$ cat entry09.cif   # mmCIF, C-alpha atoms
data_query
#
loop_
_atom_site.label_atom_id
_atom_site.label_comp_id
_atom_site.auth_asym_id
_atom_site.auth_seq_id
_atom_site.Cartn_x
_atom_site.Cartn_y
_atom_site.Cartn_z
CA MET A 7 78.68 48.32 44.81
CA ASN A 8 77.51 48.07 41.20
CA HIS A 9 77.51 44.64 39.58
CA ARG A 10 77.57 43.88 35.88
CA VAL A 11 74.44 41.86 35.13
CA ILE A 12 74.09 39.33 32.31
CA PRO A 13 70.51 38.17 31.51
CA THR A 14 69.92 34.39 31.43
CA GLU A 15 66.91 32.09 31.26
CA ALA A 16 67.22 31.45 34.99
CA GLY A 17 66.97 35.13 35.81
CA THR A 18 70.17 37.14 35.80
CA ARG A 19 73.81 36.32 36.25
CA HIS A 20 76.26 38.75 37.80
CA ALA A 21 79.76 38.54 36.39
CA ASP A 22 81.70 39.81 39.40
CA SER A 23 79.98 38.44 42.54
CA THR A 24 78.53 35.26 44.01
CA PHE A 25 74.94 34.31 44.73
CA GLY A 26 75.70 34.59 48.45
CA ALA A 27 77.27 38.03 48.15
CA ARG A 28 74.24 39.32 46.29
CA VAL A 29 71.86 37.83 48.88
CA TYR A 30 73.81 39.54 51.67
CA ASP A 31 73.62 42.83 49.80
CA PHE A 32 69.87 42.41 49.28
CA TYR A 33 69.01 41.70 52.91
CA THR A 34 71.28 44.30 54.45
CA LYS A 35 69.84 47.00 52.20
CA LEU A 36 66.18 46.21 52.94
CA ARG A 37 64.14 49.17 54.13
CA ARG A 38 60.98 48.87 56.18
CA PRO A 39 57.81 49.39 54.13
CA ARG A 40 55.10 51.72 55.42
CA VAL A 41 52.51 49.76 57.37
CA PRO A 42 49.22 50.59 59.15
CA ARG A 43 49.36 52.07 62.63
CA GLY A 44 49.77 49.51 65.38
CA ILE A 45 51.86 47.12 63.27
CA THR A 46 55.62 46.81 63.73
CA VAL A 47 58.05 45.72 61.01
CA MET A 48 60.89 43.44 62.10
CA ASN A 49 64.22 44.11 60.42
CA PRO A 50 66.86 41.89 62.05
CA TYR A 51 69.44 42.91 59.44
CA ALA A 52 70.01 46.22 61.23
CA ASP A 53 71.78 44.15 63.94
CA ASP A 54 75.50 43.57 63.39
CA ARG A 55 75.28 40.12 65.00
CA VAL A 56 72.57 39.02 62.58
CA ARG A 57 74.65 40.28 59.67
CA ALA A 58 77.52 38.14 60.91
CA TYR A 59 75.31 35.00 61.10
CA LEU A 60 74.00 35.72 57.62
CA ARG A 61 77.45 36.29 56.15
CA THR A 62 78.79 33.04 57.62
CA PHE A 63 75.80 31.05 56.38
CA LEU A 64 75.95 32.49 52.87
CA ASP A 65 79.71 32.06 52.55
CA LYS A 66 79.32 28.42 53.55
CA TYR A 67 76.56 27.42 51.11
CA PHE A 68 76.19 30.07 48.41
CA ALA A 69 79.72 31.09 47.37
CA ASP A 70 79.00 30.30 43.69
CA ASN A 71 76.78 31.35 40.82
CA HIS A 72 74.60 28.27 40.52
CA PRO A 73 70.95 29.26 39.84
CA ARG A 74 68.50 28.36 42.61
CA VAL A 75 64.79 27.65 42.79
CA LEU A 76 63.22 30.19 45.15
CA VAL A 77 61.25 28.58 47.99
CA LEU A 78 58.87 31.23 49.26
CA GLY A 79 57.37 31.05 52.73
CA ILE A 80 55.14 33.74 54.23
CA ASN A 81 57.30 36.16 56.25
CA PRO A 82 59.85 35.84 59.07
CA GLY A 83 58.69 35.08 62.60
CA ARG A 84 60.03 36.27 65.94
CA PHE A 85 61.88 33.07 66.84
CA GLY A 86 63.28 32.05 63.46
CA ALA A 87 64.52 34.45 60.79
CA GLY A 88 63.33 37.32 62.99
CA ILE A 89 66.38 36.75 65.20
CA THR A 90 68.82 34.79 63.00
CA GLY A 91 68.22 36.60 59.70
CA ILE A 92 68.12 33.27 57.88
CA THR A 93 64.78 32.06 56.58
CA PHE A 94 63.37 29.03 58.44
CA ALA A 95 66.51 28.77 60.57
CA ASP A 96 66.17 29.08 64.33
CA PRO A 97 69.31 29.14 66.55
CA VAL A 98 69.19 25.37 67.08
CA ALA A 99 69.03 24.65 63.34
CA LEU A 100 71.95 26.95 62.65
CA ALA A 101 74.10 25.38 65.35
CA ASP A 102 73.22 21.71 64.87
CA TYR A 103 72.88 21.54 61.08
CA SER A 104 75.16 24.30 59.82
CA GLY A 105 77.70 24.54 62.62
CA ILE A 106 76.99 28.25 63.17
CA GLU A 107 76.85 29.14 66.86
CA THR A 108 74.92 32.31 67.62
CA GLY A 109 74.90 32.54 71.40
CA LEU A 110 71.13 32.95 71.18
CA ALA A 111 68.78 30.93 73.38
CA ARG A 112 68.28 27.45 71.95
CA ARG A 113 64.58 27.93 71.34
CA ARG A 114 62.92 25.95 68.57
CA GLU A 115 60.53 27.37 65.99
CA LEU A 116 58.05 24.86 64.54
CA SER A 117 58.58 25.71 60.88
CA SER A 118 62.33 25.43 61.32
CA VAL A 119 61.98 21.98 62.91
CA PHE A 120 60.15 20.63 59.86
CA ILE A 121 62.32 22.35 57.25
CA TYR A 122 65.57 21.14 58.75
CA ASP A 123 64.21 17.63 59.20
CA PHE A 124 63.42 17.75 55.51
CA ILE A 125 66.85 19.14 54.62
CA ARG A 126 68.44 16.25 56.50
CA HIS A 127 66.07 13.85 54.71
CA PHE A 128 67.05 15.44 51.37
CA GLY A 129 70.76 14.88 51.92
CA GLY A 130 71.91 17.70 54.19
CA PRO A 131 72.38 21.46 53.89
CA ALA A 132 75.17 21.36 51.28
CA VAL A 133 73.04 19.24 48.94
CA PHE A 134 69.83 21.17 49.54
CA HIS A 135 71.22 24.70 49.27
CA ARG A 136 72.98 23.85 46.01
CA ASP A 137 69.65 24.03 44.16
CA PHE A 138 67.26 25.90 46.47
CA PHE A 139 67.10 29.23 48.24
CA LEU A 140 64.77 29.49 51.23
CA THR A 141 63.16 32.90 51.38
CA ALA A 142 59.73 34.46 51.90
CA ILE A 143 57.10 36.34 49.96
CA SER A 144 57.74 39.21 52.37
CA PRO A 145 61.43 39.20 53.42
CA LEU A 146 60.61 41.23 56.53
CA GLY A 147 58.19 40.11 59.24
CA PHE A 148 55.48 41.86 61.20
CA THR A 149 54.11 41.92 64.73
CA ARG A 150 51.12 43.48 66.45
CA GLU A 151 51.16 43.83 70.22
CA GLY A 152 54.22 41.61 70.27
CA ILE A 153 52.58 38.72 68.38
CA ASN A 154 53.60 37.41 64.95
CA LEU A 155 51.44 38.73 62.12
CA ASN A 156 51.36 37.31 58.60
CA TYR A 157 51.34 39.93 55.86
CA TYR A 158 47.89 38.69 54.73
CA ASP A 159 46.28 38.58 58.19
CA ASP A 160 45.28 42.23 57.93
CA PRO A 161 43.85 43.41 54.56
CA LYS A 162 45.25 46.91 55.07
CA LEU A 163 48.70 45.49 55.76
CA ALA A 164 48.55 43.25 52.68
CA LYS A 165 47.62 46.20 50.49
CA ALA A 166 50.29 48.42 52.00
CA VAL A 167 53.14 45.96 51.52
CA THR A 168 52.20 44.54 48.11
CA PRO A 169 54.51 46.94 46.21
CA PHE A 170 57.33 46.08 48.63
CA ILE A 171 56.68 42.36 48.11
CA ALA A 172 56.59 42.62 44.31
CA ARG A 173 59.82 44.61 44.25
CA SER A 174 61.50 42.18 46.65
CA ILE A 175 60.58 39.13 44.57
CA GLU A 176 61.95 40.72 41.43
CA GLN A 177 65.14 41.60 43.27
CA GLN A 178 65.52 38.04 44.56
CA ILE A 179 65.14 36.64 41.07
CA ALA A 180 67.91 39.02 40.02
CA LEU A 181 70.18 37.47 42.64
CA GLY A 182 70.23 34.33 40.50
CA GLY A 183 66.82 32.80 41.12
CA ARG A 184 65.27 30.65 38.45
CA ARG A 185 62.23 32.00 36.64
CA ASP A 186 60.93 28.66 35.35
CA HIS A 187 59.72 27.30 38.69
CA ALA A 188 59.15 28.49 42.26
CA ILE A 189 57.88 26.67 45.35
CA ILE A 190 55.29 28.34 47.57
CA LEU A 191 54.99 27.12 51.16
CA GLY A 192 51.35 27.47 52.13
CA THR A 193 48.56 26.08 49.95
CA GLY A 194 45.92 28.56 51.12
CA THR A 195 46.12 32.34 51.34
CA ASN A 196 49.87 32.53 50.73
CA PHE A 197 49.56 30.58 47.49
CA ARG A 198 46.50 32.50 46.28
CA PHE A 199 48.23 35.82 46.95
CA MET A 200 51.29 34.68 45.00
CA GLN A 201 49.16 33.37 42.15
CA ARG A 202 47.54 36.77 41.72
CA LEU A 203 50.87 38.56 41.94
CA ASN A 204 52.44 36.16 39.46
CA GLU A 205 49.62 36.70 36.99
CA GLN A 206 50.29 40.44 37.14
CA HIS A 207 54.10 40.37 37.03
CA ARG A 208 54.98 37.06 35.36
CA PHE A 209 57.73 36.33 37.84
CA PHE A 210 57.71 32.54 37.38
CA GLY A 211 56.60 30.05 34.76
CA THR A 212 55.13 27.50 37.20
CA LEU A 213 54.26 27.76 40.89
CA HIS A 214 54.28 24.63 43.05
CA ALA A 215 52.38 24.79 46.35
CA LEU A 216 53.16 22.67 49.42
CA ASP A 217 51.54 22.75 52.85
CA HIS A 218 53.28 25.19 55.16
CA PRO A 219 55.70 23.65 57.70
CA ARG A 220 53.96 25.28 60.64
CA PHE A 221 50.58 23.86 59.59
CA ILE A 222 52.15 20.41 59.29
CA MET A 223 53.80 20.57 62.71
CA GLN A 224 50.73 21.99 64.46
CA TYR A 225 47.98 19.91 62.88
CA ARG A 226 49.44 17.00 60.88
CA ARG A 227 52.50 15.88 62.83
CA ARG A 228 51.30 12.27 62.88
CA LYS A 229 51.62 12.27 59.10
CA LEU A 230 55.13 13.72 59.10
CA ASP A 231 56.58 10.94 56.93
CA GLU A 232 53.90 11.54 54.30
CA TYR A 233 54.68 15.24 54.18
CA LEU A 234 58.42 14.62 53.96
CA ALA A 235 57.74 12.34 51.00
CA ALA A 236 55.47 14.93 49.35
CA TYR A 237 58.14 17.60 49.74
CA GLU A 238 60.82 15.30 48.39
CA LEU A 239 58.78 14.51 45.28
CA VAL A 240 58.58 18.20 44.33
CA PHE A 241 62.09 19.19 45.35
CA ARG A 242 63.79 16.25 43.63
CA ARG A 243 61.95 16.96 40.41
CA LEU A 244 62.81 20.65 40.37
CA ALA A 245 66.44 20.11 41.34
CA SER A 246 67.02 18.27 38.07
CA ARG A 247 64.69 20.23 35.76
CA ARG A 248 65.68 23.15 33.58
CA ASP A 249 62.53 23.55 31.48
#

$ encode --input "entry09.cif" --output "structure tokens"
Amino acid sequence: MNHRVIPTEAGTRHADSTFGARVYDFYTKLRRPRVPRGITVMNPYADDRVRAYLRTFLDKYFADNHPRVLVLGINPGRFGAGITGITFADPVALADYSGIETGLARRRELSSVFIYDFIRHFGGPAVFHRDFFLTAISPLGFTREGINLNYYDDPKLAKAVTPFIARSIEQQIALGGRRDHAIILGTGTNFRFMQRLNEQHRFFGTLHALDHPRFIMQYRRRKLDEYLAAYELVFRRLASRRD
């Protein structure tokens, strides 16, 4: 389907569809990038069940044309978006926070635990998703020998998928993402990679880096309240800013 696109300061606005409809179209049309031998690309959106979860989620929270700040993680993992199709949402998060039953095993994924604790802290999914869109620098995930692999863990993989990543970010901005600010989850390699890419392509005016949820849950869980407060400081500020 072709959509009429109207440029705006936030990115682009489509006159005849919703943010959620465009997100669904984006994910279900993703094609696996070429990767080095021995690495597998996960594309859960080829599964009809995942498409159904995604459609229900998007219809519930994104059936509008309100511009969103893109919140960019690393790439999907096997037990979160790799099986649900929804970034940072494992089956438990979908069922308990969004009321979307999947029939999948109720297995938790550490990043999802933190993100949905924060969403509850922020005011709940309806409040959070009004201003933010959880996504990833690479919208498809990777494995090697059945183990999760970040796009930057292998230099050859990072080089191979950089064009795919750049194209995907531009496409996600076109869905209705704001260009003034973006949040990067991961203050180390993920942030540095995005800084370099942003310098080349000028995707966003300002990048804001926060520690990745998995790092927090693995190594800093005793300071969970401090991290929730740090997240809230950034998210509250960007939810109300339009500069």

$ closest_residue --input "entry09.cif" --among "A:Ala58, A:Ala95, A:Tyr157, A:Leu76" --to "A:His214" --atoms "all atoms listed in the file"
A:Leu76

$ atom_distance --input "entry09.cif" --atom1 "atom CA of A:Asp53" --atom2 "atom CA of A:Ala111"
16.5 Å

$ residues_near_point --input "entry09.cif" --point "(52.2, 29.1, 54.5)" --cutoff "9 Å" --atoms "only C-alpha atoms" --output "VMD selection string"
chain A and resid 78 to 81 190 to 197 216 to 221

$ closest_residue --input "entry09.cif" --among "A:Phe199, A:Phe68, A:Glu232, A:Lys35" --to "A:Val133" --atoms "all atoms listed in the file"
A:Phe68

$ closest_residue --input "entry09.cif" --among "A:Ile171, A:Val56, A:Leu181, A:Ala245" --to "A:Leu203" --atoms "all atoms listed in the file"
A:Ile171

$ resolve_selection --input "entry09.cif" --expression "the PyMOL selection byres ((chain A and resi 176) around 12)" --output "count of residues only"
28

$ resolve_selection --input "entry09.cif" --expression "the PyMOL selection byres ((chain A and resi 71) around 7)" --output "list in words"
Thr24, Phe25, Asp70, His72 and Pro73 of chain A

$ atom_distance --input "entry09.cif" --atom1 "atom CA of A:Pro39" --atom2 "atom CA of A:Lys162"
12.8 Å

$ atom_distance --input "entry09.cif" --atom1 "atom CA of A:Ile89" --atom2 "atom CA of A:Ala27"
20.3 Å

$ closest_residue --input "entry09.cif" --among "A:Arg114, A:Arg227, A:Arg198, A:Arg150" --to "A:Ala87" --atoms "all atoms listed in the file"
A:Arg114

$ resolve_selection --input "entry09.cif" --expression "the PyMOL selection byres ((chain A and resi 50) around 6)" --output "VMD selection string"
chain A and resid 49 51 to 53 88 91

$ residues_around --input "entry09.cif" --residues "A:Ser104" --least-positions-apart "4" --cutoff "10 Å" --atoms "all atoms listed in the file" --output "ChimeraX atom specification"
/A:62-63,66-67,95,98-100,130-132

$ closest_residue --input "entry09.cif" --among "A:Met48, A:Ala142, A:Ile106, A:Ile121" --to "A:Leu230" --atoms "only C-alpha atoms"
A:Ile121

$ residues_around --input "entry09.cif" --residues "A:Phe134" --least-positions-apart "2" --cutoff "10 Å" --atoms "all atoms listed in the file" --output "list in words"
Tyr67, Phe124, Ile125, Arg126, His127, Phe128, Gly129, Gly130, Pro131, Ala132, Arg136, Asp137, Phe138, Phe139, Leu140, Phe241, Arg242 and Ala245 of chain A

$ decode --input "entry09.cif" --residues "stretch 45-76 of chain A" --atoms "N, CA and C atoms" --output "PDB file, in the first residue's frame"
ATOM      1  N   ILE A  45      26.418 -17.238  11.210  1.00  0.00           N
ATOM      2  CA  ILE A  45      25.501 -16.377  11.963  1.00  0.00           C
ATOM      3  C   ILE A  45      24.104 -16.514  11.363  1.00  0.00           C
ATOM      4  N   THR A  46      23.119 -16.620  12.229  1.00  0.00           N
ATOM      5  CA  THR A  46      21.725 -16.754  11.811  1.00  0.00           C
ATOM      6  C   THR A  46      20.960 -15.478  12.142  1.00  0.00           C
ATOM      7  N   VAL A  47      20.133 -15.042  11.225  1.00  0.00           N
ATOM      8  CA  VAL A  47      19.269 -13.871  11.453  1.00  0.00           C
ATOM      9  C   VAL A  47      17.906 -14.355  11.921  1.00  0.00           C
ATOM     10  N   MET A  48      17.417 -13.789  13.008  1.00  0.00           N
ATOM     11  CA  MET A  48      16.073 -14.118  13.492  1.00  0.00           C
ATOM     12  C   MET A  48      15.069 -13.147  12.883  1.00  0.00           C
ATOM     13  N   ASN A  49      14.053 -13.686  12.242  1.00  0.00           N
ATOM     14  CA  ASN A  49      12.962 -12.839  11.745  1.00  0.00           C
ATOM     15  C   ASN A  49      11.636 -13.419  12.216  1.00  0.00           C
ATOM     16  N   PRO A  50      11.181 -13.037  13.415  1.00  0.00           N
ATOM     17  CA  PRO A  50       9.942 -13.605  13.946  1.00  0.00           C
ATOM     18  C   PRO A  50       8.704 -13.181  13.161  1.00  0.00           C
ATOM     19  N   TYR A  51       8.830 -12.125  12.356  1.00  0.00           N
ATOM     20  CA  TYR A  51       7.666 -11.580  11.665  1.00  0.00           C
ATOM     21  C   TYR A  51       7.223 -12.434  10.491  1.00  0.00           C
ATOM     22  N   ALA A  52       7.976 -13.477  10.180  1.00  0.00           N
ATOM     23  CA  ALA A  52       7.540 -14.440   9.167  1.00  0.00           C
ATOM     24  C   ALA A  52       6.482 -15.391   9.732  1.00  0.00           C
ATOM     25  N   ASP A  53       6.296 -15.379  11.059  1.00  0.00           N
ATOM     26  CA  ASP A  53       5.359 -16.264  11.750  1.00  0.00           C
ATOM     27  C   ASP A  53       4.006 -15.563  11.880  1.00  0.00           C
ATOM     28  N   ASP A  54       2.948 -16.194  11.434  1.00  0.00           N
ATOM     29  CA  ASP A  54       1.613 -15.600  11.492  1.00  0.00           C
ATOM     30  C   ASP A  54       1.188 -15.282  12.923  1.00  0.00           C
ATOM     31  N   ARG A  55       1.604 -16.112  13.883  1.00  0.00           N
ATOM     32  CA  ARG A  55       1.228 -15.860  15.277  1.00  0.00           C
ATOM     33  C   ARG A  55       1.876 -14.580  15.785  1.00  0.00           C
ATOM     34  N   VAL A  56       3.137 -14.378  15.443  1.00  0.00           N
ATOM     35  CA  VAL A  56       3.835 -13.163  15.862  1.00  0.00           C
ATOM     36  C   VAL A  56       3.181 -11.942  15.233  1.00  0.00           C
ATOM     37  N   ARG A  57       2.799 -12.051  13.995  1.00  0.00           N
ATOM     38  CA  ARG A  57       2.107 -10.935  13.334  1.00  0.00           C
ATOM     39  C   ARG A  57       0.812 -10.593  14.067  1.00  0.00           C
ATOM     40  N   ALA A  58       0.126 -11.613  14.557  1.00  0.00           N
ATOM     41  CA  ALA A  58      -1.113 -11.373  15.297  1.00  0.00           C
ATOM     42  C   ALA A  58      -0.841 -10.661  16.620  1.00  0.00           C
ATOM     43  N   TYR A  59       0.209 -11.080  17.360  1.00  0.00           N
ATOM     44  CA  TYR A  59       0.570 -10.389  18.604  1.00  0.00           C
ATOM     45  C   TYR A  59       0.896  -8.925  18.310  1.00  0.00           C
ATOM     46  N   LEU A  60       1.694  -8.727  17.262  1.00  0.00           N
ATOM     47  CA  LEU A  60       2.126  -7.378  16.907  1.00  0.00           C
ATOM     48  C   LEU A  60       0.934  -6.508  16.540  1.00  0.00           C
ATOM     49  N   ARG A  61       0.045  -7.026  15.724  1.00  0.00           N
ATOM     50  CA  ARG A  61      -1.132  -6.261  15.312  1.00  0.00           C
ATOM     51  C   ARG A  61      -1.978  -5.865  16.516  1.00  0.00           C
ATOM     52  N   THR A  62      -2.215  -6.794  17.424  1.00  0.00           N
ATOM     53  CA  THR A  62      -3.021  -6.491  18.615  1.00  0.00           C
ATOM     54  C   THR A  62      -2.372  -5.423  19.463  1.00  0.00           C
ATOM     55  N   PHE A  63      -1.068  -5.542  19.680  1.00  0.00           N
ATOM     56  CA  PHE A  63      -0.325  -4.575  20.483  1.00  0.00           C
ATOM     57  C   PHE A  63      -0.369  -3.184  19.850  1.00  0.00           C
ATOM     58  N   LEU A  64      -0.122  -3.108  18.564  1.00  0.00           N
ATOM     59  CA  LEU A  64      -0.094  -1.814  17.888  1.00  0.00           C
ATOM     60  C   LEU A  64      -1.475  -1.174  17.826  1.00  0.00           C
ATOM     61  N   ASP A  65      -2.507  -1.966  17.593  1.00  0.00           N
ATOM     62  CA  ASP A  65      -3.864  -1.424  17.568  1.00  0.00           C
ATOM     63  C   ASP A  65      -4.263  -0.872  18.931  1.00  0.00           C
ATOM     64  N   LYS A  66      -3.715  -1.466  19.984  1.00  0.00           N
ATOM     65  CA  LYS A  66      -4.083  -1.046  21.338  1.00  0.00           C
ATOM     66  C   LYS A  66      -3.418   0.268  21.734  1.00  0.00           C
ATOM     67  N   TYR A  67      -2.171   0.483  21.325  1.00  0.00           N
ATOM     68  CA  TYR A  67      -1.409   1.627  21.829  1.00  0.00           C
ATOM     69  C   TYR A  67      -0.981   2.654  20.776  1.00  0.00           C
ATOM     70  N   PHE A  68      -1.083   2.324  19.505  1.00  0.00           N
ATOM     71  CA  PHE A  68      -0.520   3.209  18.483  1.00  0.00           C
ATOM     72  C   PHE A  68      -1.498   3.535  17.352  1.00  0.00           C
ATOM     73  N   ALA A  69      -2.781   3.490  17.639  1.00  0.00           N
ATOM     74  CA  ALA A  69      -3.796   3.762  16.615  1.00  0.00           C
ATOM     75  C   ALA A  69      -4.042   5.266  16.504  1.00  0.00           C
ATOM     76  N   ASP A  70      -2.988   6.031  16.237  1.00  0.00           N
ATOM     77  CA  ASP A  70      -3.056   7.488  16.153  1.00  0.00           C
ATOM     78  C   ASP A  70      -1.887   7.975  15.315  1.00  0.00           C
ATOM     79  N   ASN A  71      -1.712   9.267  15.253  1.00  0.00           N
ATOM     80  CA  ASN A  71      -0.583   9.822  14.515  1.00  0.00           C
ATOM     81  C   ASN A  71       0.255  10.749  15.380  1.00  0.00           C
ATOM     82  N   HIS A  72       0.282  10.462  16.685  1.00  0.00           N
ATOM     83  CA  HIS A  72       1.103  11.246  17.597  1.00  0.00           C
ATOM     84  C   HIS A  72       2.576  10.902  17.372  1.00  0.00           C
ATOM     85  N   PRO A  73       3.462  11.893  17.212  1.00  0.00           N
ATOM     86  CA  PRO A  73       4.890  11.585  17.020  1.00  0.00           C
ATOM     87  C   PRO A  73       5.503  10.985  18.278  1.00  0.00           C
ATOM     88  N   ARG A  74       6.412  10.037  18.108  1.00  0.00           N
ATOM     89  CA  ARG A  74       7.055   9.360  19.230  1.00  0.00           C
ATOM     90  C   ARG A  74       8.577   9.554  19.206  1.00  0.00           C
ATOM     91  N   VAL A  75       9.158   9.579  20.405  1.00  0.00           N
ATOM     92  CA  VAL A  75      10.598   9.502  20.543  1.00  0.00           C
ATOM     93  C   VAL A  75      10.996   8.036  20.355  1.00  0.00           C
ATOM     94  N   LEU A  76      11.957   7.779  19.487  1.00  0.00           N
ATOM     95  CA  LEU A  76      12.441   6.414  19.297  1.00  0.00           C
ATOM     96  C   LEU A  76      13.399   6.049  20.426  1.00  0.00           C
TER      97      LEU A  76
END
